[in-house]
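Undergrad: JSON, C-alpha atoms and all ligand atoms, file start_35.json:
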```
[["chain", "number", "residue", "atom", "x", "y", "z"],
["A", 232, "MET", "CA", 117.15, 105.52, 107.32],
["A", 233, "SER", "CA", 113.75, 105.33, 109.07],
["A", 234, "VAL", "CA", 110.71, 103.59, 107.67],
["A", 235, "PHE", "CA", 108.55, 106.10, 105.79],
["A", 236, "ALA", "CA", 111.60, 107.41, 103.87],
["A", 237, "GLY", "CA", 110.41, 105.97, 100.55],
["A", 238, "TYR", "CA", 106.80, 106.08, 101.65],
["A", 239, "ALA", "CA", 106.61, 109.76, 102.67],
["A", 240, "PRO", "CA", 106.10, 111.42, 99.24],
["A", 241, "TRP", "CA", 103.09, 109.18, 98.67],
["A", 242, "TYR", "CA", 101.66, 109.25, 102.16],
["A", 243, "ASP", "CA", 99.09, 112.02, 101.64],
["A", 244, "LEU", "CA", 97.78, 110.51, 98.41],
["A", 245, "LEU", "CA", 97.44, 107.12, 100.10],
["A", 246, "TYR", "CA", 95.45, 108.60, 102.96],
["A", 247, "GLU", "CA", 93.55, 111.33, 101.10],
["A", 248, "ASP", "CA", 90.27, 109.72, 102.20],
["A", 249, "LYS", "CA", 91.20, 109.75, 105.87],
["A", 250, "ASN", "CA", 89.06, 112.31, 107.62],
["A", 251, "TYR", "CA", 91.67, 114.15, 109.71],
["A", 252, "SER", "CA", 89.31, 116.99, 110.45],
["A", 253, "SER", "CA", 86.66, 114.78, 112.07],
["A", 254, "GLU", "CA", 89.39, 112.90, 113.98],
["A", 255, "VAL", "CA", 90.65, 116.19, 115.41],
["A", 256, "GLU", "CA", 87.09, 117.19, 116.26],
["A", 257, "PHE", "CA", 86.70, 113.90, 118.14],
["A", 258, "VAL", "CA", 90.05, 114.13, 119.95],
["A", 259, "GLU", "CA", 89.42, 117.76, 120.85],
["A", 260, "GLU", "CA", 86.05, 116.86, 122.33],
["A", 261, "ARG", "CA", 87.72, 114.12, 124.43],
["A", 262, "LEU", "CA", 90.41, 116.54, 125.61],
["A", 263, "ARG", "CA", 87.80, 119.15, 126.56],
["A", 264, "HIS", "CA", 85.79, 116.46, 128.36],
["A", 265, "HIS", "CA", 88.85, 115.83, 130.52],
["A", 266, "GLY", "CA", 89.29, 119.50, 131.28],
["A", 267, "THR", "CA", 91.84, 120.50, 128.65],
["A", 268, "ALA", "CA", 90.81, 123.58, 126.70],
["A", 269, "PRO", "CA", 92.75, 124.74, 123.62],
["A", 270, "GLY", "CA", 96.32, 125.40, 124.66],
["A", 271, "LYS", "CA", 99.73, 123.94, 123.86],
["A", 272, "LEU", "CA", 99.52, 120.52, 122.19],
["A", 273, "LEU", "CA", 102.38, 118.20, 121.23],
["A", 274, "ASP", "CA", 101.88, 115.62, 118.46],
["A", 275, "LEU", "CA", 104.31, 112.68, 118.80],
["A", 276, "GLY", "CA", 104.80, 110.94, 115.42],
["A", 277, "CYS", "CA", 103.10, 113.87, 113.68],
["A", 278, "GLY", "CA", 103.81, 112.53, 110.16],
["A", 279, "THR", "CA", 102.98, 115.07, 107.46],
["A", 280, "GLY", "CA", 101.40, 117.37, 110.06],
["A", 281, "VAL", "CA", 97.74, 117.15, 109.07],
["A", 282, "HIS", "CA", 96.36, 116.68, 112.61],
["A", 283, "ALA", "CA", 98.64, 119.41, 114.01],
["A", 284, "ILE", "CA", 97.54, 121.90, 111.35],
["A", 285, "GLU", "CA", 93.90, 121.11, 112.01],
["A", 286, "PHE", "CA", 94.49, 121.67, 115.74],
["A", 287, "ALA", "CA", 96.10, 125.03, 114.93],
["A", 288, "ARG", "CA", 93.03, 126.04, 112.91],
["A", 289, "ARG", "CA", 90.94, 125.30, 116.00],
["A", 290, "GLY", "CA", 92.93, 127.59, 118.24],
["A", 291, "TRP", "CA", 95.54, 125.22, 119.66],
["A", 292, "SER", "CA", 99.29, 125.93, 119.62],
["A", 293, "PRO", "CA", 100.67, 122.67, 118.27],
["A", 294, "ALA", "CA", 104.20, 121.33, 117.88],
["A", 295, "GLY", "CA", 105.21, 118.05, 116.27],
["A", 296, "ILE", "CA", 108.00, 115.48, 116.36],
["A", 297, "ASP", "CA", 108.56, 112.68, 113.86],
["A", 298, "LEU", "CA", 111.36, 110.20, 113.27],
["A", 299, "SER", "CA", 111.20, 110.61, 109.51],
["A", 300, "GLN", "CA", 112.98, 113.63, 108.06],
["A", 301, "GLU", "CA", 110.88, 113.23, 104.91],
["A", 302, "MET", "CA", 107.58, 113.39, 106.83],
["A", 303, "ILE", "CA", 108.80, 116.45, 108.79],
["A", 304, "ALA", "CA", 109.78, 118.21, 105.56],
["A", 305, "GLN", "CA", 106.24, 117.69, 104.28],
["A", 306, "ALA", "CA", 104.70, 118.85, 107.57],
["A", 307, "SER", "CA", 106.78, 122.03, 107.53],
["A", 308, "SER", "CA", 105.93, 122.88, 103.94],
["A", 309, "ARG", "CA", 102.23, 122.17, 104.50],
["A", 310, "ALA", "CA", 102.20, 124.53, 107.53],
["A", 311, "GLU", "CA", 104.02, 127.20, 105.57],
["A", 312, "GLN", "CA", 101.51, 126.94, 102.73],
["A", 313, "ALA", "CA", 98.70, 127.32, 105.27],
["A", 314, "GLY", "CA", 100.39, 130.44, 106.66],
["A", 315, "LEU", "CA", 100.96, 128.77, 110.03],
["A", 316, "SER", "CA", 104.10, 128.75, 112.12],
["A", 317, "ILE", "CA", 104.29, 125.33, 113.77],
["A", 318, "PRO", "CA", 107.52, 123.97, 115.26],
["A", 319, "PHE", "CA", 107.97, 120.56, 113.65],
["A", 320, "ARG", "CA", 111.20, 118.73, 114.35],
["A", 321, "GLN", "CA", 112.81, 115.47, 113.35],
["A", 322, "GLY", "CA", 113.52, 113.25, 116.34],
["A", 323, "ASP", "CA", 112.80, 110.04, 118.17],
["A", 324, "ALA", "CA", 109.66, 110.52, 120.24],
["A", 325, "CYS", "CA", 110.90, 107.77, 122.57],
["A", 326, "GLN", "CA", 113.67, 110.07, 123.76],
["A", 327, "SER", "CA", 112.58, 113.09, 125.68],
["A", 328, "GLY", "CA", 113.58, 116.45, 124.16],
["A", 329, "THR", "CA", 113.19, 120.00, 125.44],
["A", 330, "GLU", "CA", 109.40, 120.22, 124.99],
["A", 331, "ARG", "CA", 107.75, 121.27, 128.28],
["A", 332, "ASP", "CA", 104.51, 122.80, 129.71],
["A", 333, "PHE", "CA", 102.10, 121.31, 127.19],
["A", 334, "ASP", "CA", 98.42, 121.08, 128.08],
["A", 335, "ALA", "CA", 97.93, 117.96, 125.95],
["A", 336, "VAL", "CA", 100.02, 115.38, 124.11],
["A", 337, "VAL", "CA", 98.59, 113.24, 121.31],
["A", 338, "SER", "CA", 100.10, 110.43, 119.26],
["A", 339, "LEU", "CA", 97.75, 109.41, 116.46],
["A", 340, "PHE", "CA", 97.37, 106.78, 113.76],
["A", 341, "HIS", "CA", 99.16, 103.85, 115.34],
["A", 342, "VAL", "CA", 102.43, 105.53, 116.35],
["A", 343, "ALA", "CA", 102.34, 103.52, 119.61],
["A", 344, "SER", "CA", 102.24, 100.32, 117.56],
["A", 345, "TYR", "CA", 105.45, 101.34, 115.80],
["A", 346, "GLN", "CA", 107.02, 100.96, 119.25],
["A", 347, "ASN", "CA", 107.72, 97.24, 119.24],
["A", 348, "ASN", "CA", 108.37, 96.45, 122.90],
["A", 349, "PRO", "CA", 107.37, 97.76, 126.33],
["A", 350, "LYS", "CA", 110.69, 99.61, 126.74],
["A", 351, "SER", "CA", 110.14, 101.68, 123.57],
["A", 352, "LEU", "CA", 106.49, 102.22, 124.41],
["A", 353, "GLU", "CA", 107.50, 103.50, 127.83],
["A", 354, "GLY", "CA", 110.05, 105.77, 126.13],
["A", 355, "LEU", "CA", 107.12, 107.34, 124.25],
["A", 356, "PHE", "CA", 105.15, 107.66, 127.48],
["A", 357, "ARG", "CA", 108.10, 109.28, 129.31],
["A", 358, "THR", "CA", 108.46, 111.84, 126.52],
["A", 359, "ALA", "CA", 104.76, 112.66, 126.85],
["A", 360, "HIS", "CA", 105.11, 112.88, 130.63],
["A", 361, "ALA", "CA", 108.11, 115.22, 130.47],
["A", 362, "ALA", "CA", 106.31, 117.47, 127.97],
["A", 363, "LEU", "CA", 103.05, 117.79, 129.92],
["A", 364, "LYS", "CA", 102.04, 120.17, 132.67],
["A", 365, "PRO", "CA", 100.96, 118.43, 135.90],
["A", 366, "GLY", "CA", 97.43, 117.11, 135.30],
["A", 367, "GLY", "CA", 97.89, 117.33, 131.50],
["A", 368, "ILE", "CA", 96.21, 114.79, 129.23],
["A", 369, "PHE", "CA", 97.83, 112.23, 126.93],
["A", 370, "LEU", "CA", 95.67, 110.59, 124.22],
["A", 371, "PHE", "CA", 97.04, 108.03, 121.75],
["A", 372, "ASP", "CA", 95.84, 105.11, 119.66],
["A", 373, "TYR", "CA", 97.30, 101.71, 118.75],
["A", 374, "TRP", "CA", 96.48, 98.38, 117.12],
["A", 375, "TYR", "CA", 94.16, 96.56, 119.51],
["A", 376, "GLY", "CA", 95.31, 92.96, 120.11],
["A", 377, "GLY", "CA", 91.80, 91.54, 120.46],
["A", 378, "ALA", "CA", 90.86, 92.70, 116.95],
["A", 379, "VAL", "CA", 94.15, 91.61, 115.34],
["A", 380, "LEU", "CA", 93.85, 88.10, 116.81],
["A", 381, "THR", "CA", 90.18, 87.78, 115.84],
["A", 382, "GLN", "CA", 90.35, 89.28, 112.36],
["A", 383, "GLY", "CA", 93.82, 88.02, 111.42],
["A", 384, "VAL", "CA", 96.05, 89.66, 108.85],
["A", 385, "GLU", "CA", 95.62, 89.39, 105.11],
["A", 386, "THR", "CA", 97.14, 90.74, 101.91],
["A", 387, "ARG", "CA", 95.57, 94.06, 100.89],
["A", 388, "VAL", "CA", 95.86, 96.07, 97.70],
["A", 389, "LYS", "CA", 95.07, 99.79, 97.48],
["A", 390, "VAL", "CA", 95.08, 101.86, 94.30],
["A", 391, "LYS", "CA", 94.95, 105.67, 94.33],
["A", 392, "GLU", "CA", 94.98, 107.91, 91.30],
["A", 393, "ARG", "CA", 95.57, 111.66, 91.02],
["A", 394, "ARG", "CA", 96.52, 112.28, 87.41],
["A", 395, "PRO", "CA", 99.20, 111.96, 86.21],
["A", 396, "LEU", "CA", 100.09, 109.82, 89.26],
["A", 397, "ARG", "CA", 98.84, 106.35, 90.00],
["A", 398, "LEU", "CA", 99.85, 104.55, 93.14],
["A", 399, "THR", "CA", 99.39, 100.85, 93.77],
["A", 400, "ARG", "CA", 100.22, 99.60, 97.25],
["A", 401, "ILE", "CA", 100.39, 95.92, 98.13],
["A", 402, "ALA", "CA", 100.50, 95.15, 101.85],
["A", 403, "GLN", "CA", 101.50, 91.60, 102.64],
["A", 404, "SER", "CA", 101.66, 90.75, 106.35],
["A", 405, "ASN", "CA", 103.42, 88.10, 108.41],
["A", 406, "HIS", "CA", 102.12, 87.54, 111.91],
["A", 407, "ASP", "CA", 104.57, 86.69, 114.70],
["A", 408, "GLU", "CA", 102.06, 85.75, 117.38],
["A", 409, "LEU", "CA", 104.69, 84.90, 119.99],
["A", 410, "ASN", "CA", 105.88, 88.50, 119.94],
["A", 411, "ALA", "CA", 102.46, 90.08, 119.31],
["A", 412, "THR", "CA", 103.95, 91.61, 116.19],
["A", 413, "VAL", "CA", 102.90, 91.93, 112.56],
["A", 414, "PHE", "CA", 105.47, 92.60, 109.84],
["A", 415, "VAL", "CA", 103.69, 94.53, 107.11],
["A", 416, "ASN", "CA", 105.67, 94.30, 103.86],
["A", 417, "TYR", "CA", 104.64, 97.19, 101.63],
["A", 418, "THR", "CA", 105.39, 97.28, 97.92],
["A", 419, "LEU", "CA", 104.47, 100.56, 96.25],
["A", 420, "PHE", "CA", 104.34, 101.01, 92.49],
["A", 421, "CYS", "CA", 104.47, 104.75, 91.89],
["A", 422, "GLU", "CA", 103.54, 105.51, 88.32],
["A", 423, "ASP", "CA", 103.68, 108.71, 86.27],
["A", 424, "MET", "CA", 101.13, 107.86, 83.60],
["A", 425, "ASP", "CA", 102.08, 110.77, 81.31],
["A", 426, "GLN", "CA", 105.75, 109.89, 81.27],
["A", 427, "GLY", "CA", 105.27, 106.13, 81.41],
["A", 428, "LEU", "CA", 107.60, 105.85, 84.45],
["A", 429, "ILE", "CA", 107.13, 103.41, 87.30],
["A", 430, "ARG", "CA", 109.13, 103.43, 90.54],
["A", 431, "ARG", "CA", 109.03, 100.54, 92.96],
["A", 432, "VAL", "CA", 109.43, 101.20, 96.69],
["A", 433, "GLU", "CA", 109.63, 98.49, 99.36],
["A", 434, "GLU", "CA", 109.34, 98.98, 103.11],
["A", 435, "THR", "CA", 108.61, 96.69, 106.04],
["A", 436, "HIS", "CA", 106.67, 98.22, 108.93],
["A", 437, "ARG", "CA", 106.91, 96.28, 112.17],
["A", 438, "MET", "CA", 103.72, 96.71, 114.18],
["A", 439, "ARG", "CA", 103.20, 95.65, 117.80],
["A", 440, "TYR", "CA", 99.59, 95.18, 118.85],
["A", 441, "TRP", "CA", 98.74, 95.98, 122.42],
["A", 442, "PHE", "CA", 96.11, 95.11, 124.97],
["A", 443, "PRO", "CA", 94.75, 97.82, 127.24],
["A", 444, "PHE", "CA", 96.01, 96.00, 130.35],
["A", 445, "GLU", "CA", 99.60, 96.24, 129.03],
["A", 446, "ILE", "CA", 99.15, 99.85, 128.00],
["A", 447, "GLU", "CA", 97.68, 100.79, 131.36],
["A", 448, "SER", "CA", 100.42, 99.01, 133.30],
["A", 449, "SER", "CA", 103.11, 100.84, 131.29],
["A", 450, "LEU", "CA", 101.26, 104.14, 131.77],
["A", 451, "ARG", "CA", 101.27, 103.62, 135.55],
["A", 452, "SER", "CA", 104.98, 102.89, 135.60],
["A", 453, "CYS", "CA", 105.54, 106.17, 133.74],
["A", 454, "CYS", "CA", 103.58, 108.23, 136.30],
["A", 455, "PHE", "CA", 100.32, 108.47, 134.39],
["A", 456, "GLU", "CA", 96.92, 107.74, 135.81],
["A", 457, "PRO", "CA", 95.04, 105.77, 133.11],
["A", 458, "VAL", "CA", 91.62, 107.31, 132.49],
["A", 459, "GLY", "CA", 90.33, 104.66, 130.11],
["A", 460, "SER", "CA", 90.76, 102.66, 126.91],
["A", 461, "TYR", "CA", 88.17, 102.74, 124.13],
["A", 462, "ALA", "CA", 87.43, 101.74, 120.56],
["A", 463, "TRP", "CA", 88.79, 104.43, 118.22],
["A", 464, "LEU", "CA", 86.34, 107.28, 117.55],
["A", 465, "SER", "CA", 83.92, 106.07, 120.18],
["A", 466, "ASP", "CA", 83.53, 105.95, 123.94],
["A", 467, "ALA", "CA", 82.77, 102.21, 123.95],
["A", 468, "PRO", "CA", 85.29, 99.61, 125.13],
["A", 469, "PRO", "CA", 87.67, 98.17, 122.49],
["A", 470, "ASN", "CA", 86.18, 95.11, 120.80],
["A", 471, "SER", "CA", 87.18, 92.53, 118.21],
["A", 472, "LYS", "CA", 85.66, 94.55, 115.36],
["A", 473, "THR", "CA", 87.70, 97.68, 115.99],
["A", 474, "TRP", "CA", 91.30, 97.44, 114.80],
["A", 475, "ALA", "CA", 92.33, 100.61, 116.58],
["A", 476, "ALA", "CA", 91.88, 101.43, 120.24],
["A", 477, "TYR", "CA", 92.86, 104.59, 122.05],
["A", 478, "SER", "CA", 93.78, 105.33, 125.63],
["A", 479, "ILE", "CA", 93.61, 108.49, 127.69],
["A", 480, "ALA", "CA", 95.85, 109.15, 130.67],
["A", 481, "ARG", "CA", 96.51, 112.04, 133.03],
["A", 482, "LYS", "CA", 99.96, 113.07, 134.19],
["A", 483, "ILE", "CA", 100.58, 112.64, 137.89],
["A", 484, "ALA", "CA", 103.67, 113.84, 139.76],
["A", 485, "GLU", "CA", 106.76, 111.62, 139.68],
["A", 486, "ARG", "CA", 107.12, 109.51, 142.79],
["B", 1, "LIG", "C1", 101.07, 105.90, 110.29],
["B", 1, "LIG", "S1", 102.12, 107.28, 110.51],
["B", 1, "LIG", "C2", 101.06, 108.44, 111.33],
["B", 1, "LIG", "C3", 101.48, 109.85, 111.07],
["B", 1, "LIG", "C4", 100.52, 110.91, 111.59],
["B", 1, "LIG", "N1", 100.36, 110.84, 113.04],
["B", 1, "LIG", "C5", 99.16, 110.77, 110.90],
["B", 1, "LIG", "O1", 98.17, 110.58, 111.60],
["B", 1, "LIG", "O2", 99.10, 110.89, 109.67],
["B", 1, "LIG", "C6", 103.19, 106.79, 111.82],
["B", 1, "LIG", "C7", 104.25, 107.87, 112.07],
["B", 1, "LIG", "O3", 104.95, 107.56, 113.27],
["B", 1, "LIG", "C8", 106.28, 107.98, 113.10],
["B", 1, "LIG", "N2", 107.09, 107.33, 114.14],
["B", 1, "LIG", "C9", 107.18, 106.01, 114.39],
["B", 1, "LIG", "N3", 108.03, 105.80, 115.43],
["B", 1, "LIG", "C10", 108.43, 107.01, 115.84],
["B", 1, "LIG", "C11", 109.32, 107.46, 116.86],
["B", 1, "LIG", "N4", 109.94, 106.60, 117.68],
["B", 1, "LIG", "N5", 109.52, 108.78, 117.00],
["B", 1, "LIG", "C12", 108.90, 109.67, 116.19],
["B", 1, "LIG", "N6", 108.07, 109.31, 115.19],
["B", 1, "LIG", "C13", 107.83, 107.99, 115.02],
["B", 1, "LIG", "C14", 106.59, 107.57, 111.67],
["B", 1, "LIG", "O4", 107.75, 108.21, 111.16],
["B", 1, "LIG", "C15", 105.30, 107.98, 110.97],
["B", 1, "LIG", "O5", 105.34, 109.31, 110.51]]
```
What is this file in structure tokens?

TA:
Amino acid sequence: MSVFAGYAPWYDLLYEDKNYSSEVEFVEERLRHHGTAPGKLLDLGCGTGVHAIEFARRGWSPAGIDLSQEMIAQASSRAEQAGLSIPFRQGDACQSGTERDFDAVVSLFHVASYQNNPKSLEGLFRTAHAALKPGGIFLFDYWYGGAVLTQGVETRVKVKERRPLRLTRIAQSNHDELNATVFVNYTLFCEDMDQGLIRRVEETHRMRYWFPFEIESSLRSCCFEPVGSYAWLSDAPPNSKTWAAYSIARKIAER
């Protein structure tokens, strides 16, 4: 069973404040800036499909892959409810499938940090490479090492309420500095206030933080030309205050 199995039904409530629409606006602007107009777009680690659906509303033809069957089920039902036909499939984005001829590939909200070593990360990059047209653009974000080391990890509690549901999430993290990895131990208390029922869900998410020099070296070995690495939602360099960084790369021909 993948991580996100117990987490998936609660994912959208947990992130209801996340502004997917403005993220897509930003990413789309970056893609256009690098010469990619609306066309075919593949979302690796698409989760519950919110970015992909927003891309579809803006004239793109998206497709999505996610490891979690539960997240894919939610993505498919959300697209159906929106009257959109988007091919979402369950699968490991580190293993190339049959997706080809895409104008752009994105992988958003830390999917690259779920890849815990350079080999897995390069698996993700090779899938993006195989899916793209020559010259196509790959844009993805990840935990930025400089910010993780400066800010450190701490226990966080988040409470979300949408009656009759109340969700309390405790995130307790252990930092393995030698392996540039953070183990985030999530405990969710999922409460139905009307029925007085509480369910407890536990999951550990293993997150690898990356530095742009590692990312760019892996991109080069997967036949991408790195375009740049930036602080998330900006065009400034990553810095210790910005937990997430993103990189852009262009597909070059295999040597
Ligand atoms: C934090 S969620 C982000 C989901 C979505 N991109 C979003 O922005 O809401 C990370 C997602 O990455 C997926 N994931 C992690 N590793 C993956 C892999 N190797 N292949 C496909 N999906 C993966 C997880 O199942 C999860 O849905």

Undergrad: Give the answer as one residue: which of A:Phe371, A:Tyr417, A:Trp241, A:Tyr251 has the shortest atom-to-atom distance to Asp274 of chain A, using all atoms listed in the file?

TA: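 Closest candidate: A:Phe371.
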
Undergrad: Just checking: using all atoms listed in the file, which residue out of A:Thr381, A:Ser404, A:Thr279, A:Thr399 ends up closest to Arg309 of chain A?

TA: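 Nearest candidate to Arg309 of chain A out of A:Thr381, A:Ser404, A:Thr279, A:Thr399: A:Thr279.
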
Undergrad: So, with only C-alpha atoms as the atoms that count, which of A:Ser449, A:Ile429, A:Ser478, A:Ala294 lies closest to Tyr373 of chain A?

TA: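 Looking only at the distances to Tyr373 of chain A, the closest residue turns out to be A:Ser478.
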
Undergrad: Using all atoms listed in the file, which protein or nucleic acid residues are at most 8 Å from ligand LIG 1 (chain B), as a PyMOL selection string?

TA: chain A and resi 233-235+239+246+251+274-282+296-299+302+321-326+338-343+345-346+351+355

Undergrad: Please identify every residue of segment 345-380 of chain A that has at least one atom no farther than 12 Å from an atom of segment 437-445 of chain A, counting all atoms listed in the file, and for each give the shortest atom pair and the distance in Å to one decimal, arranged by chain then increasing number, as a Markdown table.

TA:
```
| residue | atom | partner | partner_atom | distance |
| --- | --- | --- | --- | --- |
| A:Tyr345 | CA | A:Met438 | CA | 5.2 |
| A:Gln346 | CA | A:Arg439 | CA | 6.7 |
| A:Asn347 | CA | A:Arg439 | CA | 5.0 |
| A:Asn348 | CA | A:Arg439 | CA | 7.3 |
| A:Pro349 | CA | A:Glu445 | CA | 8.4 |
| A:Lys350 | CA | A:Glu445 | CA | 11.8 |
| A:Ser351 | CA | A:Arg439 | CA | 10.9 |
| A:Leu352 | CA | A:Arg439 | CA | 9.9 |
| A:Glu353 | CA | A:Glu445 | CA | 10.8 |
| A:Phe371 | CA | A:Pro443 | CA | 11.8 |
| A:Asp372 | CA | A:Trp441 | CA | 10.0 |
| A:Tyr373 | CA | A:Tyr440 | CA | 6.9 |
| A:Trp374 | CA | A:Tyr440 | CA | 4.8 |
| A:Tyr375 | CA | A:Trp441 | CA | 5.5 |
| A:Gly376 | CA | A:Tyr440 | CA | 5.0 |
| A:Gly377 | CA | A:Phe442 | CA | 7.2 |
| A:Ala378 | CA | A:Tyr440 | CA | 9.3 |
| A:Val379 | CA | A:Tyr440 | CA | 7.4 |
| A:Leu380 | CA | A:Tyr440 | CA | 9.3 |
```

Undergrad: If you count only C-alpha atoms, which residues fall within 12 Å of His264 of chain A, apart from same-chain ones fewer than 6 positions away, as a ChimeraX atom specification?

TA: /A:257-258,368,458,466,479

Undergrad: Go ahead and compute the interatomic distance for atom CA of Ser465 of chain A and atom CA of Leu262 of chain A, in Å to one decimal.

TA: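 Straight-line distance from atom CA of Ser465 of chain A to atom CA of Leu262 of chain A works out to 13.5 Å.
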
Undergrad: Padding of 5 Å on every side, edges along x, y and z, all listed atoms of segment 444-447 of chain A included: what centre and edge lengths in Å, to one decimal, does that box have, as lines of an AutoDock Vina configuration file?

TA:
```
center_x = 97.8
center_y = 98.4
center_z = 129.7
size_x = 13.6
size_y = 14.8
size_z = 13.4
```

Undergrad: Tell me, in Å to one decimal, how far atom CA of Gly383 of chain A is from atom CA of Glu434 of chain A.

TA: 20.7 Å

Undergrad: With only C-alpha atoms as the basis for distance, which of A:Ala480, A:Cys454, A:Ala402, A:Ala359 is at the shortest distance from Val390 of chain A?

TA: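 Closest candidate: A:Ala402.
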
Undergrad: Which one is closest to Arg261 of chain A: A:Ala335, A:Trp474, A:Asn405, A:Glu447? Count all atoms listed in the file.

TA: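 Of A:Ala335, A:Trp474, A:Asn405, A:Glu447, the one nearest Arg261 of chain A is A:Ala335, counting all atoms listed in the file.
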
Undergrad: Give the answer as one residue: which of A:Ile303, A:Val336, A:Leu396, A:Leu370 has the shortest atom-to-atom distance to Gln426 of chain A, using only C-alpha atoms?

TA: A:Leu396

Undergrad: At a cut-off of 9 Å, using all atoms listed in the file, what residues contact Ala287 of chain A? Leave out same-chain residues fewer than 6 positions from it and give the result as a list in words.

TA: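 Listed by chain and then number, they are Pro293, Leu315 and Ile317 of chain A.
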